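Q: Pasting a structure below so you can have a look.
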Amino acid sequence: MKVKTPRESLTVMTEIVLPNDTNNLGNLFGGQLLSWMDRCSAISAHRHCKKQVVTAAVNNVSFNQAIPIASIVTLEAKVSRAFKSSMEVFVDVYVEDQKVDGKRTYTNEAIYTFVAVDEFGSPVEIPAIEPQTKIEKMRFEGALRRKQLGLILSGKMQPNEATELKALFMED
Ligand SMILES: CC(C)(COP(=O)(O)OP(=O)(O)OC[C@H]1O[C@@H](n2cnc3c(N)ncnc32)[C@H](O)[C@@H]1OP(=O)(O)O)[C@@H](O)C(=O)NCCC(=O)NCCS
C-alpha cells in the first residue's frame with residue numbers, strides 16, 4: 001500500500017453557531033461541537049484509507065473557552081498516525097467572532113481514533129503515514145503512547161504490554 005502524508009487527509013469544515021446549537025448561557029453546546037468534530041475527523045480518516053471507518057475512541061477533548069452564538073467555527077482534521085487498522089486523528093478548532101471583529105482564534109482540539117472496517121465490520125489494513133511538518137512529526141511521535149494509554153484505560157491492553165508506557169504503571 002502506498003505511504004500517505006497527513007496533508008492528503010486534511011478536512012476543513014465551517015459551521016455557524018445558531019440558536020439550536022447553544023446551551024442555556026447562549027454558547028455553543030458541547031455535544032454539538034463533539035458531533036461536528038466526529039464528522040470532520042471521520043471524513044479525514046476515510047480520506048486517508050478510502051475505506052469505511054468507525055469511531056473507536058475519543059481520546060481527548062478540551063473545551064478551553066466558550067464559543068458564543070453567531071460565531072463561525074472552523075474545524076481542521078488530519079490523520080496524525082496510522083497503525084494496522086486504526087488511525088489517530090487530530091481536530092483543531094478555530095473561531096471567528098463575527099459580532100466583534102471577525103478575529104480568528106484557536107479554541108480547542110480533540111483526538112479521535114478511527115478503525116477501518118470491511119462490510120462485516122471487521123478491521124482491515126490501512127496505508128502507513130509519513131509526517132512532513134514539525135507539528136505533524138510531533139503528533140506522530142506521541143501517537144503510540146496515546147494509543148497504548150487509551151487501550152489500557154479501556155481495559156484492552158495490560159500495562160505490561162505497553163512498550164511505551166511501562167515505566168508509568170510498573171515498578172522496576
Ligand atoms: C472499533 C472496532 C471495529 C474494533 O474492533 P475489535 O474487534 O476490538 O478489533 P481489534 O481488537 O482487532 O482492534 C482493531 C484495532 O482497533 C484498535 N482499537 C480497538 N478498540 C480501541 C479503543 N477503545 N481505543 C483505541 N483503539 C482501539 C486496536 O488497537 C486495533 O488497532 P490496530 O489494528 O491499528 O493495531 C469495534 O470495537 C467496533 O465496531 N466498535 C463500535 C464502533 C462504533 O459503532 N462507533 C460509533 C459509536 S457511536
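Starting from 1 in every chain, residues are counted up; chains themselves are A, B, ... following the order of the C-alpha cells, and ligands are numbered from 1 as listed.
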Find the residues around region 96-101 of chain A up to 7 Å (only C-alpha atoms counted), leave out those fewer than 6 positions away in its own chain, and share them as an mmCIF file with all heavy atoms, in the first residue's frame.
A:
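The result, written out as result_26.cif:
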```
data_model
loop_
_atom_site.group_PDB
_atom_site.id
_atom_site.type_symbol
_atom_site.label_atom_id
_atom_site.label_comp_id
_atom_site.auth_asym_id
_atom_site.auth_seq_id
_atom_site.Cartn_x
_atom_site.Cartn_y
_atom_site.Cartn_z
ATOM 1 N N ALA A 70 -23.633 32.767 17.046
ATOM 2 C CA ALA A 70 -23.287 33.508 15.822
ATOM 3 C C ALA A 70 -21.809 33.418 15.454
ATOM 4 O O ALA A 70 -21.398 33.954 14.429
ATOM 5 C CB ALA A 70 -23.719 34.974 15.893
ATOM 6 N N SER A 71 -21.015 32.719 16.269
ATOM 7 C CA SER A 71 -19.611 32.539 15.896
ATOM 8 C C SER A 71 -19.508 31.646 14.656
ATOM 9 O O SER A 71 -20.344 30.759 14.448
ATOM 10 C CB SER A 71 -18.821 31.856 17.016
ATOM 11 O OG SER A 71 -18.799 32.644 18.166
ATOM 12 N N ILE A 72 -18.464 31.867 13.895
ATOM 13 C CA ILE A 72 -18.162 30.989 12.757
ATOM 14 C C ILE A 72 -17.059 30.046 13.223
ATOM 15 O O ILE A 72 -16.003 30.485 13.694
ATOM 16 C CB ILE A 72 -17.728 31.809 11.540
ATOM 17 C CG1 ILE A 72 -18.898 32.703 11.102
ATOM 18 C CG2 ILE A 72 -17.271 30.909 10.397
ATOM 19 C CD1 ILE A 72 -18.526 33.784 10.125
ATOM 20 N N VAL A 73 -17.363 28.747 13.153
ATOM 21 C CA VAL A 73 -16.463 27.737 13.721
ATOM 22 C C VAL A 73 -15.831 26.935 12.575
ATOM 23 O O VAL A 73 -16.549 26.388 11.737
ATOM 24 C CB VAL A 73 -17.251 26.778 14.647
ATOM 25 C CG1 VAL A 73 -16.330 25.742 15.265
ATOM 26 C CG2 VAL A 73 -17.973 27.566 15.738
#
```
Q: Asp92 (chain A): which residues within 7 Å, counting only C-alpha atoms, same-chain residues fewer than 3 positions away excluded, as a list of chain:residue names?
A: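 Listed by chain and then number, they are A:Leu75, A:Glu76, A:Ala77, A:Asn108, A:Glu109, A:Ala110.
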Q: From a DSSP pass on the backbone, collect the residues of region 7-170 of chain A flagged as strand (DSSP E or B) and hand them back as a VMD selection string.
A: chain A and resid 11 to 16 22 27 to 28 52 to 61 68 72 to 82 86 to 96 104 to 117 123 129
Q: Could you give me the residues within 8 Å of ligand 1, counting only C-alpha atoms and all ligand atoms, as a PyMOL selection string?
A: chain A and resi 54-59+82-87+113-117+121-125+147-148+150-151+154+156
Q: Compare A:Val12, A:Val3, A:Val79, A:Leu149 by their minimum atom-to-atom distance to Asn60 (chain A), counting only C-alpha atoms, and give me the closest one.
A: A:Leu149
Q: Name all residues at most 8 Å from Pro127 (chain A) (count only C-alpha atoms; drop same-chain ones fewer than 3 positions away) and give them as a list in words.
A: Met1, Lys2, Val3, Lys4, His48, Cys49 and Ala82 of chain A
Q: Grab the residues selected above and save them as a compact mmCIF listing (two decimals), in the first residue's frame with N, CA, C and O atoms.
A:
```
# COMPACT_ATOMS: atom_id res chain seq x y z
N MET A 1 0.85 -1.20 0.00
CA MET A 1 0.00 0.00 0.00
C MET A 1 0.88 1.25 0.00
O MET A 1 1.87 1.30 0.73
N LYS A 2 0.50 2.24 -0.79
CA LYS A 2 1.30 3.48 -0.89
C LYS A 2 1.26 4.26 0.43
O LYS A 2 0.19 4.43 1.02
N VAL A 3 2.43 4.70 0.85
CA VAL A 3 2.50 5.51 2.07
C VAL A 3 1.89 6.88 1.78
O VAL A 3 2.16 7.48 0.73
N LYS A 4 1.07 7.38 2.71
CA LYS A 4 0.41 8.68 2.50
C LYS A 4 1.02 9.74 3.41
O LYS A 4 1.76 9.42 4.35
N HIS A 48 -7.82 9.20 4.34
CA HIS A 48 -6.52 8.53 4.45
C HIS A 48 -6.58 7.11 3.87
O HIS A 48 -5.71 6.73 3.10
N CYS A 49 -7.63 6.36 4.26
CA CYS A 49 -7.61 4.92 3.91
C CYS A 49 -8.57 4.54 2.79
O CYS A 49 -8.49 3.43 2.27
N ALA A 82 -1.07 6.37 11.43
CA ALA A 82 -1.84 5.19 11.04
C ALA A 82 -1.14 3.97 11.60
O ALA A 82 0.09 3.85 11.50
```
Q: Nearest to Ile135 (chain A): which of A:Asn64, A:Pro159, A:Phe90, A:Asp118 is it, counting only C-alpha atoms?
A: A:Phe90
Q: Using CA of Ser62 (chain A) and CA of Thr14 (chain A) as the two end points, give the distance in Å to one decimal.
A: 19.1 Å
Q: May I have all residues of region 64-163 of chain A that DSSP, computed from the backbone, assigns to alpha helix (DSSP H), given as JSON, numbers by chain?
A: {"A": [134, 135, 136, 137, 138, 139, 140, 141, 142, 143, 144, 145, 146, 147, 148, 149, 150, 151, 152, 153]}
Q: Generate the output file for the selected residues, C-alpha atoms, as a CSV table (one decimal), in the first residue's frame.
A:
```
chain,number,residue,atom,x,y,z
A,134,LYS,CA,7.3,19.8,12.5
A,135,ILE,CA,3.9,19.6,14.2
A,136,GLU,CA,2.9,16.5,12.1
A,137,LYS,CA,6.1,14.8,13.3
A,138,MET,CA,5.5,15.8,16.9
A,139,ARG,CA,1.9,14.4,16.8
A,140,PHE,CA,3.1,11.2,15.1
A,141,GLU,CA,5.7,10.6,17.8
A,142,GLY,CA,3.2,10.9,20.6
A,143,ALA,CA,0.5,8.8,19.0
A,144,LEU,CA,1.8,5.3,20.1
A,145,ARG,CA,1.9,6.5,23.7
A,146,ARG,CA,-1.7,7.9,23.4
A,147,LYS,CA,-2.9,4.7,21.8
A,148,GLN,CA,-1.4,2.4,24.5
A,149,LEU,CA,-2.7,4.7,27.2
A,150,GLY,CA,-6.2,4.6,25.7
A,151,LEU,CA,-6.1,0.8,25.3
A,152,ILE,CA,-5.0,0.4,29.0
A,153,LEU,CA,-7.8,2.7,30.3
```
Q: Figure out the distance between CA of Ile43 (chain A) and CA of Val89 (chain A), please, to one decimal in Å.
A: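 These two atoms are separated by 10.1 Å.
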Q: Here is a test: counting only C-alpha atoms, which residue of A:Thr105, A:Gln52, A:Asn160, A:Ser80 is nearest to Ile129 (chain A)?
A: A:Ser80
Q: If I take CA of Gln32 (chain A) and CA of Val91 (chain A), how far is one from the other in Å, to one decimal?
A: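 Between CA of Gln32 (chain A) and CA of Val91 (chain A) the gap works out to 14.5 Å.
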